[in-house]
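K.L.:
Take a look at input.pdb, PDB, C-alpha atoms and all ligand atoms:
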ATOM      1  CA  MET X1376      21.232 -17.372   8.588
ATOM      2  CA  THR X1377      19.229 -14.118   8.676
ATOM      3  CA  LYS X1378      15.544 -14.794   8.061
ATOM      4  CA  SER X1379      13.372 -12.110   6.464
ATOM      5  CA  LEU X1380       9.640 -12.098   5.895
ATOM      6  CA  VAL X1381       8.272 -10.043   3.002
ATOM      7  CA  THR X1382       4.527  -9.393   2.809
ATOM      8  CA  GLY X1383       3.411  -8.676  -0.733
ATOM      9  CA  GLY X1384       6.458 -10.708  -1.773
ATOM     10  CA  ALA X1385       4.809 -11.875  -5.009
ATOM     11  CA  GLY X1386       4.125  -8.303  -6.121
ATOM     12  CA  PHE X1387       6.257  -6.089  -8.332
ATOM     13  CA  LEU X1388       8.443  -4.515  -5.638
ATOM     14  CA  GLY X1389       8.099  -7.383  -3.159
ATOM     15  CA  SER X1390       9.446  -9.961  -5.595
ATOM     16  CA  HIS X1391      12.481  -7.825  -6.493
ATOM     17  CA  LEU X1392      13.079  -7.385  -2.782
ATOM     18  CA  CYS X1393      12.918 -11.167  -2.237
ATOM     19  CA  ASP X1394      15.558 -11.562  -4.980
ATOM     20  CA  LEU X1395      17.834  -8.983  -3.346
ATOM     21  CA  LEU X1396      17.471 -10.422   0.160
ATOM     22  CA  LEU X1397      18.310 -13.920  -1.153
ATOM     23  CA  ASP X1398      21.357 -12.469  -2.969
ATOM     24  CA  GLU X1399      22.429 -10.909   0.330
ATOM     25  CA  GLY X1400      22.304 -14.357   1.954
ATOM     26  CA  HIS X1401      18.987 -14.077   3.812
ATOM     27  CA  SER X1402      16.444 -16.845   3.803
ATOM     28  CA  VAL X1403      13.063 -15.462   2.796
ATOM     29  CA  ILE X1404       9.452 -16.159   3.672
ATOM     30  CA  CYS X1405       7.182 -14.546   1.104
ATOM     31  CA  VAL X1406       3.593 -13.907   2.180
ATOM     32  CA  ASP X1407       1.021 -12.878  -0.416
ATOM     33  CA  ASN X1408      -2.703 -13.389  -1.006
ATOM     34  CA  LEU X1409      -2.172 -12.968  -4.766
ATOM     35  CA  ILE X1410      -4.936 -10.406  -5.277
ATOM     36  CA  THR X1411      -2.538  -8.172  -7.175
ATOM     37  CA  GLY X1412       0.666 -10.188  -6.737
ATOM     38  CA  ARG X1413       1.437 -12.995  -9.165
ATOM     39  CA  HIS X1414       2.893 -16.470  -8.888
ATOM     40  CA  ALA X1415       4.924 -15.806 -12.039
ATOM     41  CA  ASN X1416       6.953 -13.149 -10.169
ATOM     42  CA  ILE X1417       8.348 -15.747  -7.756
ATOM     43  CA  SER X1418       8.174 -18.966  -9.797
ATOM     44  CA  HIS X1419      11.975 -18.835 -10.268
ATOM     45  CA  LEU X1420      12.422 -18.981  -6.464
ATOM     46  CA  LEU X1421      10.019 -21.756  -5.491
ATOM     47  CA  GLU X1422      12.547 -24.612  -5.757
ATOM     48  CA  ARG X1423      15.073 -22.951  -3.443
ATOM     49  CA  ASP X1424      15.557 -24.286   0.103
ATOM     50  CA  ASP X1425      16.056 -20.759   1.413
ATOM     51  CA  PHE X1426      12.714 -19.509   0.023
ATOM     52  CA  GLU X1427       9.215 -20.277   1.226
ATOM     53  CA  PHE X1428       5.908 -19.011  -0.150
ATOM     54  CA  VAL X1429       2.905 -18.699   2.172
ATOM     55  CA  GLU X1430      -0.438 -17.785   0.586
ATOM     56  CA  HIS X1431      -2.135 -15.682   3.235
ATOM     57  CA  ASP X1432      -4.057 -12.414   3.601
ATOM     58  CA  ILE X1433      -1.946 -10.442   6.067
ATOM     59  CA  SER X1434      -4.991  -8.387   7.098
ATOM     60  CA  THR X1435      -5.726 -11.435   9.259
ATOM     61  CA  PRO X1436      -3.111 -12.503  11.844
ATOM     62  CA  LEU X1437      -0.279 -14.821  10.827
ATOM     63  CA  PHE X1438       1.376 -17.192  13.288
ATOM     64  CA  LEU X1439       4.743 -18.693  12.419
ATOM     65  CA  ASP X1440       6.975 -21.217  14.140
ATOM     66  CA  ASP X1441      10.198 -19.859  12.620
ATOM     67  CA  GLU X1442      12.247 -17.152  14.287
ATOM     68  CA  ILE X1443      12.262 -14.085  12.028
ATOM     69  CA  ASP X1444      14.930 -11.348  12.011
ATOM     70  CA  ASN X1445      13.267  -8.839   9.667
ATOM     71  CA  VAL X1446       9.666  -8.154   8.712
ATOM     72  CA  LEU X1447       9.176  -6.048   5.564
ATOM     73  CA  HIS X1448       5.562  -5.024   5.009
ATOM     74  CA  PHE X1449       5.004  -4.491   1.280
ATOM     75  CA  ALA X1450       1.522  -5.951   0.844
ATOM     76  CA  SER X1451      -1.006  -3.524  -0.639
ATOM     77  CA  PRO X1452      -2.765  -2.799  -3.888
ATOM     78  CA  ALA X1453      -0.508  -0.041  -5.183
ATOM     79  CA  SER X1454      -1.791   1.366  -8.445
ATOM     80  CA  PRO X1455      -4.634   3.898  -8.500
ATOM     81  CA  ILE X1456      -6.826   1.479 -10.516
ATOM     82  CA  ASP X1457      -6.151  -1.373  -8.079
ATOM     83  CA  TYR X1458      -6.866   0.590  -4.955
ATOM     84  CA  LEU X1459      -9.991   2.120  -6.466
ATOM     85  CA  GLU X1460     -11.221  -1.400  -7.257
ATOM     86  CA  LEU X1461     -10.130  -2.781  -3.887
ATOM     87  CA  PRO X1462     -10.717   0.133  -1.490
ATOM     88  CA  ILE X1463     -11.594  -1.913   1.603
ATOM     89  CA  GLN X1464      -8.723  -4.380   1.159
ATOM     90  CA  THR X1465      -6.378  -1.409   0.675
ATOM     91  CA  LEU X1466      -7.533   0.198   3.919
ATOM     92  CA  LYS X1467      -7.361  -3.130   5.740
ATOM     93  CA  VAL X1468      -3.882  -4.106   4.641
ATOM     94  CA  GLY X1469      -2.520  -0.653   5.504
ATOM     95  CA  SER X1470      -4.169  -0.673   8.936
ATOM     96  CA  LEU X1471      -4.842  -4.259  10.119
ATOM     97  CA  GLY X1472      -2.011  -5.665   8.008
ATOM     98  CA  THR X1473       0.436  -3.185   9.506
ATOM     99  CA  HIS X1474      -0.847  -3.983  12.993
ATOM    100  CA  ASN X1475      -0.489  -7.743  12.414
ATOM    101  CA  THR X1476       3.008  -7.491  10.978
ATOM    102  CA  LEU X1477       4.131  -5.134  13.742
ATOM    103  CA  GLY X1478       2.751  -7.630  16.277
ATOM    104  CA  LEU X1479       4.764 -10.363  14.592
ATOM    105  CA  ALA X1480       7.919  -8.229  14.671
ATOM    106  CA  LYS X1481       7.379  -7.398  18.345
ATOM    107  CA  ASP X1482       6.906 -11.065  19.314
ATOM    108  CA  MET X1483       9.968 -12.135  17.352
ATOM    109  CA  ARG X1484      12.068  -9.116  18.393
ATOM    110  CA  ALA X1485      12.519  -8.584  14.661
ATOM    111  CA  ARG X1486      13.340  -5.403  12.810
ATOM    112  CA  PHE X1487      10.366  -3.957  10.925
ATOM    113  CA  LEU X1488      10.330  -1.995   7.666
ATOM    114  CA  LEU X1489       7.201  -0.334   6.281
ATOM    115  CA  ALA X1490       6.763   0.325   2.572
ATOM    116  CA  SER X1491       5.223   3.771   2.723
ATOM    117  CA  THR X1492       4.718   6.078  -0.216
ATOM    118  CA  SER X1493       5.048   9.522  -1.726
ATOM    119  CA  GLU X1494       1.222   9.487  -1.636
ATOM    120  CA  VAL X1495       1.467  10.534   2.020
ATOM    121  CA  TYR X1496       2.303  13.981   0.544
ATOM    122  CA  GLY X1497      -0.957  13.929  -1.483
ATOM    123  CA  ASP X1498      -1.150  16.737  -4.055
ATOM    124  CA  PRO X1499       1.899  18.489  -2.623
ATOM    125  CA  LEU X1500       2.140  22.216  -1.983
ATOM    126  CA  VAL X1501       5.886  21.936  -1.356
ATOM    127  CA  HIS X1502       8.131  20.930  -4.258
ATOM    128  CA  PRO X1503      10.306  18.841  -4.256
ATOM    129  CA  GLN X1504       9.029  16.928  -1.235
ATOM    130  CA  PRO X1505      11.277  16.548   1.804
ATOM    131  CA  GLU X1506      10.327  14.095   4.574
ATOM    132  CA  SER X1507       9.546  17.046   6.855
ATOM    133  CA  TYR X1508       6.549  18.017   4.664
ATOM    134  CA  TRP X1509       3.243  16.839   6.214
ATOM    135  CA  GLY X1510       1.349  16.659   2.960
ATOM    136  CA  ASN X1511      -1.906  17.732   1.355
ATOM    137  CA  VAL X1512      -4.201  14.703   1.313
ATOM    138  CA  ASN X1513      -7.948  14.576   0.702
ATOM    139  CA  PRO X1514      -9.100  11.941   3.228
ATOM    140  CA  VAL X1515     -12.528  11.441   1.619
ATOM    141  CA  GLY X1516     -11.451  11.417  -2.054
ATOM    142  CA  PRO X1517     -11.007   8.172  -4.010
ATOM    143  CA  ARG X1518      -7.230   8.077  -3.390
ATOM    144  CA  GLY X1519      -7.809   8.576   0.347
ATOM    145  CA  VAL X1520      -8.114   4.797   0.839
ATOM    146  CA  TYR X1521      -4.454   4.354  -0.054
ATOM    147  CA  ASP X1522      -3.030   7.639   1.218
ATOM    148  CA  GLU X1523      -4.711   7.509   4.611
ATOM    149  CA  ALA X1524      -3.994   3.792   5.049
ATOM    150  CA  LYS X1525      -0.301   4.509   4.555
ATOM    151  CA  ARG X1526      -0.400   7.572   6.816
ATOM    152  CA  PHE X1527      -2.091   5.481   9.503
ATOM    153  CA  ALA X1528       0.518   2.760   8.936
ATOM    154  CA  GLU X1529       3.342   5.256   9.526
ATOM    155  CA  ALA X1530       1.680   6.413  12.759
ATOM    156  CA  MET X1531       1.272   2.803  13.886
ATOM    157  CA  VAL X1532       4.917   2.031  13.145
ATOM    158  CA  MET X1533       6.090   5.016  15.186
ATOM    159  CA  ALA X1534       3.776   3.980  18.069
ATOM    160  CA  TYR X1535       5.242   0.445  18.113
ATOM    161  CA  HIS X1536       8.688   1.975  18.064
ATOM    162  CA  ARG X1537       8.011   4.459  20.864
ATOM    163  CA  TYR X1538       5.763   2.310  23.049
ATOM    164  CA  HIS X1539       7.113  -1.212  22.467
ATOM    165  CA  GLY X1540      10.677  -0.381  21.425
ATOM    166  CA  VAL X1541      10.386  -2.251  18.095
ATOM    167  CA  GLU X1542      13.266  -1.408  15.752
ATOM    168  CA  THR X1543      11.421   0.200  12.873
ATOM    169  CA  ARG X1544      12.154   1.762   9.470
ATOM    170  CA  ILE X1545       9.866   3.694   7.111
ATOM    171  CA  VAL X1546      10.642   4.095   3.422
ATOM    172  CA  ARG X1547       8.575   6.539   1.378
ATOM    173  CA  ILE X1548       8.639   5.078  -2.106
ATOM    174  CA  PHE X1549       8.221   7.331  -5.142
ATOM    175  CA  ASN X1550       7.068   6.154  -8.597
ATOM    176  CA  THR X1551       9.041   3.039  -9.482
ATOM    177  CA  TYR X1552       9.097   0.994 -12.674
ATOM    178  CA  GLY X1553      10.674  -2.126 -14.125
ATOM    179  CA  PRO X1554      10.039  -5.719 -15.165
ATOM    180  CA  ARG X1555       7.177  -7.565 -13.394
ATOM    181  CA  MET X1556       4.759  -4.650 -13.390
ATOM    182  CA  ARG X1557       1.388  -5.877 -14.636
ATOM    183  CA  PRO X1558       0.721  -4.503 -18.150
ATOM    184  CA  ARG X1559      -2.818  -3.481 -17.195
ATOM    185  CA  ASP X1560      -2.337  -2.294 -13.628
ATOM    186  CA  GLY X1561      -3.239   1.186 -14.861
ATOM    187  CA  ARG X1562      -0.018   2.899 -13.857
ATOM    188  CA  VAL X1563       1.493   5.180 -16.421
ATOM    189  CA  VAL X1564       4.666   3.194 -17.172
ATOM    190  CA  PRO X1565       3.049  -0.182 -17.989
ATOM    191  CA  ALA X1566       0.051   1.573 -19.602
ATOM    192  CA  PHE X1567       2.133   3.593 -22.072
ATOM    193  CA  ILE X1568       4.560   0.769 -22.873
ATOM    194  CA  ASP X1569       1.747  -1.732 -23.441
ATOM    195  CA  GLN X1570      -0.177   0.751 -25.588
ATOM    196  CA  ALA X1571       2.922   1.661 -27.610
ATOM    197  CA  LEU X1572       3.813  -1.992 -28.262
ATOM    198  CA  ARG X1573       0.259  -2.787 -29.374
ATOM    199  CA  GLY X1574       0.103   0.306 -31.609
ATOM    200  CA  GLU X1575      -2.787   1.691 -29.555
ATOM    201  CA  PRO X1576      -3.069   5.395 -28.624
ATOM    202  CA  LEU X1577      -1.196   6.459 -25.486
ATOM    203  CA  THR X1578      -3.790   7.704 -22.977
ATOM    204  CA  VAL X1579      -2.418  10.926 -21.479
ATOM    205  CA  PHE X1580      -4.676  12.097 -18.652
ATOM    206  CA  GLY X1581      -5.458  15.821 -18.780
ATOM    207  CA  GLN X1582      -2.965  17.916 -20.717
ATOM    208  CA  GLY X1583      -0.131  15.752 -19.383
ATOM    209  CA  ARG X1584       1.471  18.736 -17.637
ATOM    210  CA  GLN X1585       1.494  16.926 -14.285
ATOM    211  CA  THR X1586       4.955  15.653 -13.366
ATOM    212  CA  ARG X1587       6.386  12.448 -11.929
ATOM    213  CA  SER X1588       9.928  11.260 -11.197
ATOM    214  CA  PHE X1589      10.598   7.627 -12.074
ATOM    215  CA  CYS X1590      13.017   5.300 -10.283
ATOM    216  CA  TYR X1591      14.230   1.987 -11.693
ATOM    217  CA  VAL X1592      13.416  -0.964  -9.480
ATOM    218  CA  SER X1593      17.014  -2.145  -8.880
ATOM    219  CA  ASP X1594      17.915   1.297  -7.514
ATOM    220  CA  LEU X1595      14.843   1.313  -5.338
ATOM    221  CA  VAL X1596      15.427  -2.068  -3.679
ATOM    222  CA  ASP X1597      19.078  -1.136  -3.120
ATOM    223  CA  GLY X1598      17.921   1.974  -1.219
ATOM    224  CA  ILE X1599      15.444  -0.088   0.798
ATOM    225  CA  TYR X1600      18.078  -2.644   1.755
ATOM    226  CA  ARG X1601      20.421   0.127   2.894
ATOM    227  CA  LEU X1602      17.645   1.593   5.015
ATOM    228  CA  LEU X1603      16.857  -1.794   6.557
ATOM    229  CA  MET X1604      20.533  -2.174   7.519
ATOM    230  CA  SER X1605      20.804   1.392   8.865
ATOM    231  CA  ASP X1606      19.579   2.566  12.251
ATOM    232  CA  GLU X1607      17.381   5.360  10.875
ATOM    233  CA  VAL X1608      13.912   5.398  12.431
ATOM    234  CA  GLU X1609      12.459   8.547  10.818
ATOM    235  CA  PRO X1610      10.974   8.205   7.293
ATOM    236  CA  VAL X1611      13.360   8.282   4.324
ATOM    237  CA  ASN X1612      12.330   9.135   0.741
ATOM    238  CA  VAL X1613      13.657   6.725  -1.865
ATOM    239  CA  GLY X1614      13.093   7.696  -5.485
ATOM    240  CA  ASN X1615      14.808   9.170  -8.513
ATOM    241  CA  PRO X1616      14.635  12.997  -8.610
ATOM    242  CA  THR X1617      14.712  13.184 -12.426
ATOM    243  CA  GLU X1618      11.350  14.832 -13.051
ATOM    244  CA  MET X1619       9.327  14.990 -16.256
ATOM    245  CA  SER X1620       5.800  15.763 -17.343
ATOM    246  CA  VAL X1621       3.488  12.913 -18.295
ATOM    247  CA  LEU X1622       3.383  14.255 -21.866
ATOM    248  CA  GLU X1623       7.189  14.223 -22.076
ATOM    249  CA  PHE X1624       7.103  10.716 -20.691
ATOM    250  CA  ALA X1625       4.650   9.583 -23.405
ATOM    251  CA  GLN X1626       6.969  11.058 -26.055
ATOM    252  CA  LYS X1627       9.944   9.208 -24.545
ATOM    253  CA  ILE X1628       8.064   5.894 -24.697
ATOM    254  CA  LEU X1629       7.175   6.512 -28.353
ATOM    255  CA  GLU X1630      10.821   7.314 -29.108
ATOM    256  CA  LEU X1631      12.225   4.249 -27.302
ATOM    257  CA  THR X1632       9.684   1.774 -28.705
ATOM    258  CA  GLY X1633       9.681   3.319 -32.207
ATOM    259  CA  SER X1634       5.906   2.958 -32.050
ATOM    260  CA  PRO X1635       3.581   4.658 -34.578
ATOM    261  CA  SER X1636       0.975   5.130 -31.794
ATOM    262  CA  GLU X1637      -0.690   8.494 -31.377
ATOM    263  CA  ILE X1638      -1.291  10.386 -28.177
ATOM    264  CA  THR X1639      -4.872  10.780 -26.996
ATOM    265  CA  HIS X1640      -6.107  12.767 -23.988
ATOM    266  CA  LYS X1641      -8.461  11.412 -21.292
ATOM    267  CA  PRO X1642      -9.911  13.192 -18.253
ATOM    268  CA  LEU X1643      -7.581  13.769 -15.341
ATOM    269  CA  PRO X1644      -8.421  11.479 -12.388
ATOM    270  CA  VAL X1645      -9.773  13.106  -9.196
ATOM    271  CA  ASP X1646      -7.035  14.437  -6.880
ATOM    272  CA  ASP X1647      -4.250  13.452  -9.304
ATOM    273  CA  PRO X1648      -1.107  15.067  -7.821
ATOM    274  CA  GLN X1649       0.062  17.898 -10.085
ATOM    275  CA  VAL X1650       3.740  17.505  -9.290
ATOM    276  CA  ARG X1651       5.934  14.952  -7.564
ATOM    277  CA  GLN X1652       9.682  14.837  -7.047
ATOM    278  CA  PRO X1653      11.585  13.377  -4.108
ATOM    279  CA  ASP X1654      14.058  15.398  -2.104
ATOM    280  CA  ILE X1655      16.583  12.622  -1.448
ATOM    281  CA  THR X1656      19.013  14.568   0.735
ATOM    282  CA  ARG X1657      18.359  12.210   3.632
ATOM    283  CA  ALA X1658      18.822   9.032   1.553
ATOM    284  CA  ARG X1659      22.065  10.496   0.154
ATOM    285  CA  THR X1660      23.537  11.514   3.476
ATOM    286  CA  ILE X1661      22.231   8.794   5.799
ATOM    287  CA  LEU X1662      22.285   5.798   3.446
ATOM    288  CA  GLY X1663      24.978   6.915   0.977
ATOM    289  CA  TRP X1664      22.391   6.124  -1.718
ATOM    290  CA  THR X1665      21.814   7.731  -5.089
ATOM    291  CA  PRO X1666      20.020   6.210  -8.070
ATOM    292  CA  GLN X1667      22.380   4.771 -10.694
ATOM    293  CA  VAL X1668      20.145   3.743 -13.591
ATOM    294  CA  GLU X1669      19.346   6.357 -16.234
ATOM    295  CA  ILE X1670      15.748   6.469 -17.426
ATOM    296  CA  GLU X1671      16.587   5.290 -20.983
ATOM    297  CA  GLU X1672      18.413   2.219 -19.707
ATOM    298  CA  GLY X1673      15.685   1.353 -17.217
ATOM    299  CA  LEU X1674      12.966   1.841 -19.788
ATOM    300  CA  ARG X1675      14.770  -0.314 -22.361
ATOM    301  CA  ASN X1676      14.857  -3.207 -19.841
ATOM    302  CA  THR X1677      11.199  -2.672 -19.020
ATOM    303  CA  ILE X1678      10.168  -2.478 -22.669
ATOM    304  CA  ALA X1679      12.054  -5.749 -23.343
ATOM    305  CA  TYR X1680      10.080  -7.411 -20.529
ATOM    306  CA  PHE X1681       6.763  -6.210 -21.936
ATOM    307  CA  GLU X1682       7.761  -7.363 -25.424
ATOM    308  CA  GLU X1683       8.346 -10.859 -24.041
ATOM    309  CA  LEU X1684       4.934 -10.847 -22.359
ATOM    310  CA  LEU X1685       3.289  -9.788 -25.592
ATOM    311  CA  GLU X1686       5.105 -12.485 -27.589
ATOM    312  CA  ALA X1687       4.040 -15.141 -25.059
ATOM    313  CA  GLU X1688       0.459 -13.911 -25.383
ATOM    314  CA  GLN X1689       0.594 -14.238 -29.174
ATOM    315  CA  ASP X1690       2.091 -17.771 -29.131
TER
HETATM  316  N1  LIG Z   1      -1.469   8.713 -16.298
HETATM  317  C1  LIG Z   1      -1.776   8.994 -17.604
HETATM  318  N2  LIG Z   1      -2.230   7.980 -18.397
HETATM  319  C2  LIG Z   1      -2.394   6.695 -17.962
HETATM  320  C3  LIG Z   1      -2.064   6.414 -16.618
HETATM  321  C4  LIG Z   1      -1.614   7.451 -15.825
HETATM  322  O1  LIG Z   1      -1.654  10.138 -18.069
HETATM  323  O2  LIG Z   1      -2.821   5.832 -18.756
HETATM  324  C5  LIG Z   1      -0.959   9.792 -15.447
HETATM  325  C6  LIG Z   1      -1.710   9.963 -14.129
HETATM  326  O3  LIG Z   1      -2.811  10.811 -14.278
HETATM  327  C7  LIG Z   1      -0.634  10.547 -13.250
HETATM  328  C8  LIG Z   1       0.662   9.947 -13.783
HETATM  329  O4  LIG Z   1       0.361   9.477 -15.085
HETATM  330  O5  LIG Z   1      -0.596  11.946 -13.376
HETATM  331  C9  LIG Z   1       1.185   8.796 -12.943
HETATM  332  O6  LIG Z   1       0.133   7.903 -12.743
HETATM  333  P1  LIG Z   1       0.332   6.479 -12.056
HETATM  334  O7  LIG Z   1      -1.016   5.833 -12.038
HETATM  335  O8  LIG Z   1       1.434   5.742 -12.712
HETATM  336  O9  LIG Z   1       0.818   6.767 -10.585
HETATM  337  P2  LIG Z   1       0.574   7.912  -9.500
HETATM  338  O10 LIG Z   1       1.851   8.647  -9.497
HETATM  339  O11 LIG Z   1      -0.570   8.782  -9.917
HETATM  340  O12 LIG Z   1       0.305   7.155  -8.276
END
Hey, can you dump this file as C-alpha cells for me?
Ligand code: UDP
P.N.:
Amino acid sequence: MTKSLVTGGAGFLGSHLCDLLLDEGHSVICVDNLITGRHANISHLLERDDFEFVEHDISTPLFLDDEIDNVLHFASPASPIDYLELPIQTLKVGSLGTHNTLGLAKDMRARFLLASTSEVYGDPLVHPQPESYWGNVNPVGPRGVYDEAKRFAEAMVMAYHRYHGVETRIVRIFNTYGPRMRPRDGRVVPAFIDQALRGEPLTVFGQGRQTRSFCYVSDLVDGIYRLLMSDEVEPVNVGNPTEMSVLEFAQKILELTGSPSEITHKPLPVDDPQVRQPDITRARTILGWTPQVEIEEGLRNTIAYFEELLEAEQD
C-alpha cells in the first residue's frame, strides 16, 4: 500500500488532501502541531486503520520507523492574519520545516511535493501570472514572512532535486475556498460569509477594486494529486482563472446568502496584491487539469458549512 505523509494535514487544504489520498487507496500519516490546524478537520478519519495522526511541529526534525512513499509539505500558517500573528513560526516552517521534510524524503527515497503559493509572485506586474514570472515581493514588508519563506522553500526543493536527486514537485496554489476554513482566519471568503450570516457589515478593504480568482477545494486537491502522480519537476500553478474584484465578490456573497448586511470599507493592508489570476496553461497541458466547480456551486457548499458551524455555536 502506498504510504503518504501530509504535514499540515489537520489544516484546511491538508485535511482535504488526506481525504483524497485515502480515497485513492493510500495510507496516510498526518502531521500537524495544531496551531492553525484543527482536530475537527480530521476527527472523521481517526478511527481508520489506514490513517495516523502525529502531533508534531515539523520545524523540528521528525523520525519515523515506517517507510514513506510520498511526503507532501502543507504545514504553514496561510492566511495574512495568521502569518502576521505567527511570523517566526511561518518563516521556520517554510525554511526549517521544508528542510526537515526534504531530509525525510531523501532518507526514505520518497517523492516530495511542496505546497507553494501565488504569493511568490507578490504584487504582480505581469497579469495573469505564468510560472515563468519571477514576482514582485517586498522582502521586509509584513507579508514577506510568508512570501520569502515559500520562495526559500522552492529554492530548497530544487536544490534537493538537483543535488540529491530527490523526486520533487512544486504546486503554486492560488486562493482556494471551501468547507473547513476557519470562520475567523481573516481570509476574504470565510470573513464575508461569516459576516453575511451574522448580519454584520462585510469589511471590504480599500475600494475593493483589487482582484482575486477563487478555486474550490475539490478542484484544487485534484490538481495537486495529478501533479504528485506526474513527473513534472518545475512549478505548476493550480487555481481557478475566474477573476473578480473583492467588491464584486462581496456582492456575490450577499446575493447567495440573501443577507441584509451592508458593505463597509476598511484600510487596505500593506502590500496587498492589486491583482491575481493564475495562468493555468501548464496545469492544462501537463496534468490535463481544469477546474470543474463553478463559483456559485462552490460558494453554496461553503455557505452551508458555515451555517452548520453557526447553528452549532448557537445550540
Ligand atoms: N479582504 C477584504 N476584506 C476582508 C478580508 C480580505 O477586502 O475582510 C481582501 C484583501 O485585502 C485581499 C483579498 O480580500 O485583497 C483577499 O484576501 P485574503 O486574505 O483572502 O487572501 P490574499 O489573497 O490576500 O492572500
K.L.:
Could you state the separation of CA of Pro1436 in chain X and CA of Asn1475 in chain X in Å, given to one decimal place?
P.N.:
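If I compute the distance from CA of Pro1436 in chain X to CA of Asn1475 in chain X, I get 5.5 Å.
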K.L.:
Please check which protein, DNA or RNA residues sit within 8 Å of ligand LIG 1 (chain Z), counting all atoms listed in the file, and write them as a PyMOL selection string.
P.N.:
chain X and resi 1453-1456+1494+1549-1550+1561-1564+1566-1567+1577-1581+1583+1585-1587+1621-1622+1640-1641+1643-1644+1647-1649+1651
K.L.:
With C-alpha atoms retained, write the just-selected residues as a short mmCIF file (atom, residue, chain, number, x, y, z; two decimals), in the frame of the given file.
P.N.:
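Output (selection_19.cif):
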data_model
loop_
_atom_site.label_atom_id
_atom_site.label_comp_id
_atom_site.auth_asym_id
_atom_site.auth_seq_id
_atom_site.Cartn_x
_atom_site.Cartn_y
_atom_site.Cartn_z
CA ALA X 1453 -0.51 -0.04 -5.18
CA SER X 1454 -1.79 1.37 -8.44
CA PRO X 1455 -4.63 3.90 -8.50
CA ILE X 1456 -6.83 1.48 -10.52
CA GLU X 1494 1.22 9.49 -1.64
CA PHE X 1549 8.22 7.33 -5.14
CA ASN X 1550 7.07 6.15 -8.60
CA GLY X 1561 -3.24 1.19 -14.86
CA ARG X 1562 -0.02 2.90 -13.86
CA VAL X 1563 1.49 5.18 -16.42
CA VAL X 1564 4.67 3.19 -17.17
CA ALA X 1566 0.05 1.57 -19.60
CA PHE X 1567 2.13 3.59 -22.07
CA LEU X 1577 -1.20 6.46 -25.49
CA THR X 1578 -3.79 7.70 -22.98
CA VAL X 1579 -2.42 10.93 -21.48
CA PHE X 1580 -4.68 12.10 -18.65
CA GLY X 1581 -5.46 15.82 -18.78
CA GLY X 1583 -0.13 15.75 -19.38
CA GLN X 1585 1.49 16.93 -14.28
CA THR X 1586 4.96 15.65 -13.37
CA ARG X 1587 6.39 12.45 -11.93
CA VAL X 1621 3.49 12.91 -18.30
CA LEU X 1622 3.38 14.26 -21.87
CA HIS X 1640 -6.11 12.77 -23.99
CA LYS X 1641 -8.46 11.41 -21.29
CA LEU X 1643 -7.58 13.77 -15.34
CA PRO X 1644 -8.42 11.48 -12.39
CA ASP X 1647 -4.25 13.45 -9.30
CA PRO X 1648 -1.11 15.07 -7.82
CA GLN X 1649 0.06 17.90 -10.09
CA ARG X 1651 5.93 14.95 -7.56
#
K.L.:
Once the PyMOL selection byres (((chain X and resi 1618) around 9) and not hetatm) has been applied to the shown file, what residues remain in the selection, as a compact mmCIF listing (two decimals) with C-alpha atoms, keeping the file's coordinate frame?
P.N.:
# COMPACT_ATOMS: atom_id res chain seq x y z
CA THR X 1586 4.96 15.65 -13.37
CA ARG X 1587 6.39 12.45 -11.93
CA SER X 1588 9.93 11.26 -11.20
CA PHE X 1589 10.60 7.63 -12.07
CA ASN X 1615 14.81 9.17 -8.51
CA PRO X 1616 14.64 13.00 -8.61
CA THR X 1617 14.71 13.18 -12.43
CA MET X 1619 9.33 14.99 -16.26
CA SER X 1620 5.80 15.76 -17.34
CA VAL X 1650 3.74 17.50 -9.29
CA ARG X 1651 5.93 14.95 -7.56
CA GLN X 1652 9.68 14.84 -7.05
K.L.:
Using all atoms listed in the file, determine which residues lie at most 10 Å from Cys1590 in chain X, disregarding the query and same-chain residues fewer than 5 positions distant; provide the list as an MDAnalysis selection string.
P.N.:
chainID X and resid 1548:1553 1595 1613:1617 1666:1670 1673
K.L.:
In Å to one decimal, how far is CA of Thr1677 in chain X from CA of Ile1638 in chain X?
P.N.:
20.3 Å
K.L.:
Calculated over all atoms listed in the file, which of the candidates X:Glu1399, X:Asp1606, X:Ile1568, X:Arg1659 has the smallest distance to Lys1627 in chain X?
P.N.:
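Looking at the shortest contact to Lys1627 in chain X, the residue is X:Ile1568.
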K.L.:
I need the residue set behind the PyMOL selection byres (((chain X and resi 1637) around 12) and not hetatm) for this file; please write it as a VMD selection string.
P.N.:
chain X and resid 1567 1570 to 1579 1622 1625 to 1626 1628 to 1630 1633 to 1636 1638 to 1640
K.L.:
Would you mind telling me which residue in X:His1474, X:His1391, X:His1539, X:Arg1547 lies nearest to Asp1522 in chain X when using only C-alpha atoms?
P.N.:
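Once distances to Asp1522 in chain X are computed over only C-alpha atoms, the minimum belongs to X:Arg1547.
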